[in-house]
Amino acid sequence: MNRRNTDTKQEKYFYILIVSLFICTTLTIAAQKKPAPAAAASVFAQDKGKFTIQLGGHTVGHEEFEIAPAGGGWTARGTTDIKPPDSAATQVTGTLTLQPDGAPISYEWISHAEKTNGAHILFANGVAKITLEMQGARPFEQDMSFGTPLVAVLDNNLYYQYAVLARVYDWAKGGPQNFPVLIPQELTPGTISIESAGSQSIGGKSYDALRVNTSDLEVILYLDSAHRLMRMEVPGAKVSIVRD
């Protein structure tokens, strides 16, 4: 075999090697550039603000809150400082972590009054696993079954949770919609009904209204065009919550 033939074969093998490497590299880059799967659509929008709590027309407290994305879900947190007449001042903080569709993942609350109490709740497969901690007592554990992962958490004196509820309501579907509800500070389960009350005017401003009915109370939520909670009224208790 002469040298020319040997050189030709080497060049051929070299060319094949270069082409193979080019193809492999191109495929690798293409695989890396595959678009990531789209994030799950969320019912929530980022929000932050402060509410003034009024009882019979008198200011008795304030709540600061924030709803924000966190990882693949959302966190909704609020802290209320309240001093009703003839009652001790209380500060309560509640933190909800939520799926994009509004189903709760966990909830923690802590209350500072004469005693410090708190709880941690995990939600999974329609079951709420509750651990209640009360100052001077052993932790108390209880499970509550709801049969659905979409549970409304509406705790005492934490009004930002109604802002969460307004997002969970299916506005496109409309009509009355029922949800199981948990009041963690009372370890009380129940059911609420929510229904659009149409456009209403209050204080010279127009809002989209939602009527929320529990077994013993009616609450009216007033929302702006982006469905942010701007005001709520509890007529039977003479309570008004007004966004600053």
# chains A, B, ... in the order shown; residues from 1 in each chain; ligands from 1

call {"tool": "residues_around", "arguments": {"residues": "range 42-54 of chain A", "least_positions_apart": "2", "cutoff": "8 Å", "atoms": "only C-alpha atoms", "output": "ChimeraX atom specification"}}
result
/A:40,56-69,74,82,100-102,164,167-168,228,239-244

call {"tool": "residues_around", "arguments": {"residues": "Asp208 in chain A", "least_positions_apart": "3", "cutoff": "8 Å", "atoms": "only C-alpha atoms", "output": "JSON, numbers by chain"}}
result
{"A": [196, 197, 198, 199, 200, 222, 223, 224, 225, 227]}

call {"tool": "write_last_selection", "arguments": {"atoms": "C-alpha atoms", "output": "PDB file, in the first residue's frame"}}
result
ATOM      1  CA  SER A 196     -71.279  37.093  43.367  1.00  0.00           C
ATOM      2  CA  ALA A 197     -73.344  40.083  44.453  1.00  0.00           C
ATOM      3  CA  GLY A 198     -72.636  42.000  41.229  1.00  0.00           C
ATOM      4  CA  SER A 199     -71.348  45.538  41.002  1.00  0.00           C
ATOM      5  CA  GLN A 200     -71.955  47.653  44.098  1.00  0.00           C
ATOM      6  CA  TYR A 222     -65.695  44.468  47.986  1.00  0.00           C
ATOM      7  CA  LEU A 223     -63.034  43.953  45.306  1.00  0.00           C
ATOM      8  CA  ASP A 224     -61.463  46.165  42.678  1.00  0.00           C
ATOM      9  CA  SER A 225     -61.353  45.305  38.967  1.00  0.00           C
ATOM     10  CA  HIS A 227     -60.193  41.251  42.343  1.00  0.00           C
TER      11      HIS A 227
END

call {"tool": "residues_around", "arguments": {"residues": "Pro180 in chain A", "least_positions_apart": "3", "cutoff": "8 Å", "atoms": "only C-alpha atoms", "output": "PyMOL selection string"}}
result
chain A and resi 146+150-152+189-192

call {"tool": "write_last_selection", "arguments": {"atoms": "C-alpha atoms", "output": "JSON list (two decimals), in the first residue's frame"}}
result
[["chain", "number", "residue", "atom", "x", "y", "z"],
["A", 146, "PHE", "CA", -62.64, 17.24, 54.47],
["A", 150, "LEU", "CA", -59.53, 22.66, 48.38],
["A", 151, "VAL", "CA", -60.27, 23.86, 51.92],
["A", 152, "ALA", "CA", -60.82, 27.51, 52.85],
["A", 189, "PRO", "CA", -64.70, 22.77, 60.56],
["A", 190, "GLY", "CA", -67.71, 23.94, 58.59],
["A", 191, "THR", "CA", -69.03, 24.99, 55.21],
["A", 192, "ILE", "CA", -69.32, 28.39, 53.55]]

call {"tool": "select_by_dssp", "arguments": {"residues": "range 2-241 of chain A", "states": "strand (DSSP E or B)", "output": "MDAnalysis selection string"}}
result
chainID A and resid 47:55 58:70 73:82 90:98 104:112 116:124 127:134 140:145 152:153 177:183 188:202 205:213 218:223 229:234 239:241

call {"tool": "closest_residue", "arguments": {"among": "A:Ser201, A:Ser193, A:Asn213, A:Thr188", "to": "Ser145 in chain A", "atoms": "only C-alpha atoms"}}
result
A:Thr188

call {"tool": "residues_around", "arguments": {"residues": "Tyr169 in chain A", "least_positions_apart": "3", "cutoff": "10 Å", "atoms": "only C-alpha atoms", "output": "compact mmCIF listing (two decimals) with C-alpha atoms, in the first residue's frame"}}
result
# COMPACT_ATOMS: atom_id res chain seq x y z
CA VAL A 43 -55.53 31.82 40.68
CA GLY A 102 -55.66 27.70 46.08
CA VAL A 164 -57.33 34.45 49.31
CA LEU A 165 -60.95 33.24 49.27
CA ALA A 166 -61.88 35.84 46.64
CA ALA A 172 -66.00 32.56 35.22
CA LYS A 173 -68.41 29.95 36.56
CA GLY A 174 -70.26 32.37 38.82
CA GLY A 175 -73.28 31.48 40.93
CA PRO A 176 -73.20 30.09 44.47
CA GLN A 177 -70.15 27.96 45.27
CA ASN A 178 -69.67 25.95 48.46
CA PHE A 179 -66.34 25.26 50.20
CA ILE A 194 -69.90 32.26 48.22
CA GLU A 195 -71.86 34.08 45.54
CA SER A 196 -71.28 37.09 43.37
CA LEU A 210 -68.95 38.74 46.86

call {"tool": "residues_around", "arguments": {"residues": "Ile130 in chain A", "least_positions_apart": "5", "cutoff": "12 Å", "atoms": "only C-alpha atoms", "output": "list in words"}}
result
Ser106, Tyr107, Glu108, Trp109, Gly118, Ala119, His120, Ile121, Leu122, Phe123, Ala124, Pro139, Phe140, Glu141, Gln142, Asp143, Met144, Ser145, Leu182, Ile183, Pro184, Gln185, Glu186, Leu187 and Thr188 of chain A

call {"tool": "select_by_dssp", "arguments": {"residues": "range 55-244 of chain A", "states": "helix (DSSP H, G or I)", "output": "short mmCIF file (atom, residue, chain, number, x, y, z; two decimals) with C-alpha atoms, in the first residue's frame"}}
result
data_model
loop_
_atom_site.label_atom_id
_atom_site.label_comp_id
_atom_site.auth_asym_id
_atom_site.auth_seq_id
_atom_site.Cartn_x
_atom_site.Cartn_y
_atom_site.Cartn_z
CA TYR A 160 -56.28 38.72 54.41
CA GLN A 161 -57.59 35.15 54.20
CA TYR A 162 -60.77 36.55 52.65
CA ALA A 163 -58.53 38.02 49.93
CA VAL A 164 -57.33 34.45 49.31
CA LEU A 165 -60.95 33.24 49.27
CA ALA A 166 -61.88 35.84 46.64
CA ARG A 167 -59.17 34.37 44.37
CA VAL A 168 -60.35 30.81 44.89
CA PRO A 184 -57.87 26.93 63.12
CA GLN A 185 -57.94 28.96 66.35
CA GLU A 186 -61.21 27.27 67.25
CA PRO A 235 -73.22 43.80 59.09
CA GLY A 236 -74.37 41.53 61.90
CA ALA A 237 -71.25 42.30 63.97
#

call {"tool": "atom_distance", "arguments": {"atom1": "CA of Asn125 in chain A", "atom2": "CA of Leu154 in chain A"}}
result
19.3 Å

call {"tool": "closest_residue", "arguments": {"among": "A:Val219, A:Ile110, A:Met230, A:Ala41", "to": "Lys205 in chain A", "atoms": "only C-alpha atoms"}}
result
A:Met230

call {"tool": "atom_distance", "arguments": {"atom1": "CA of Leu229 in chain A", "atom2": "CA of Trp171 in chain A"}}
result
14.3 Å

call {"tool": "atom_distance", "arguments": {"atom1": "CA of Thr131 in chain A", "atom2": "CA of Lys115 in chain A"}}
result
17.1 Å
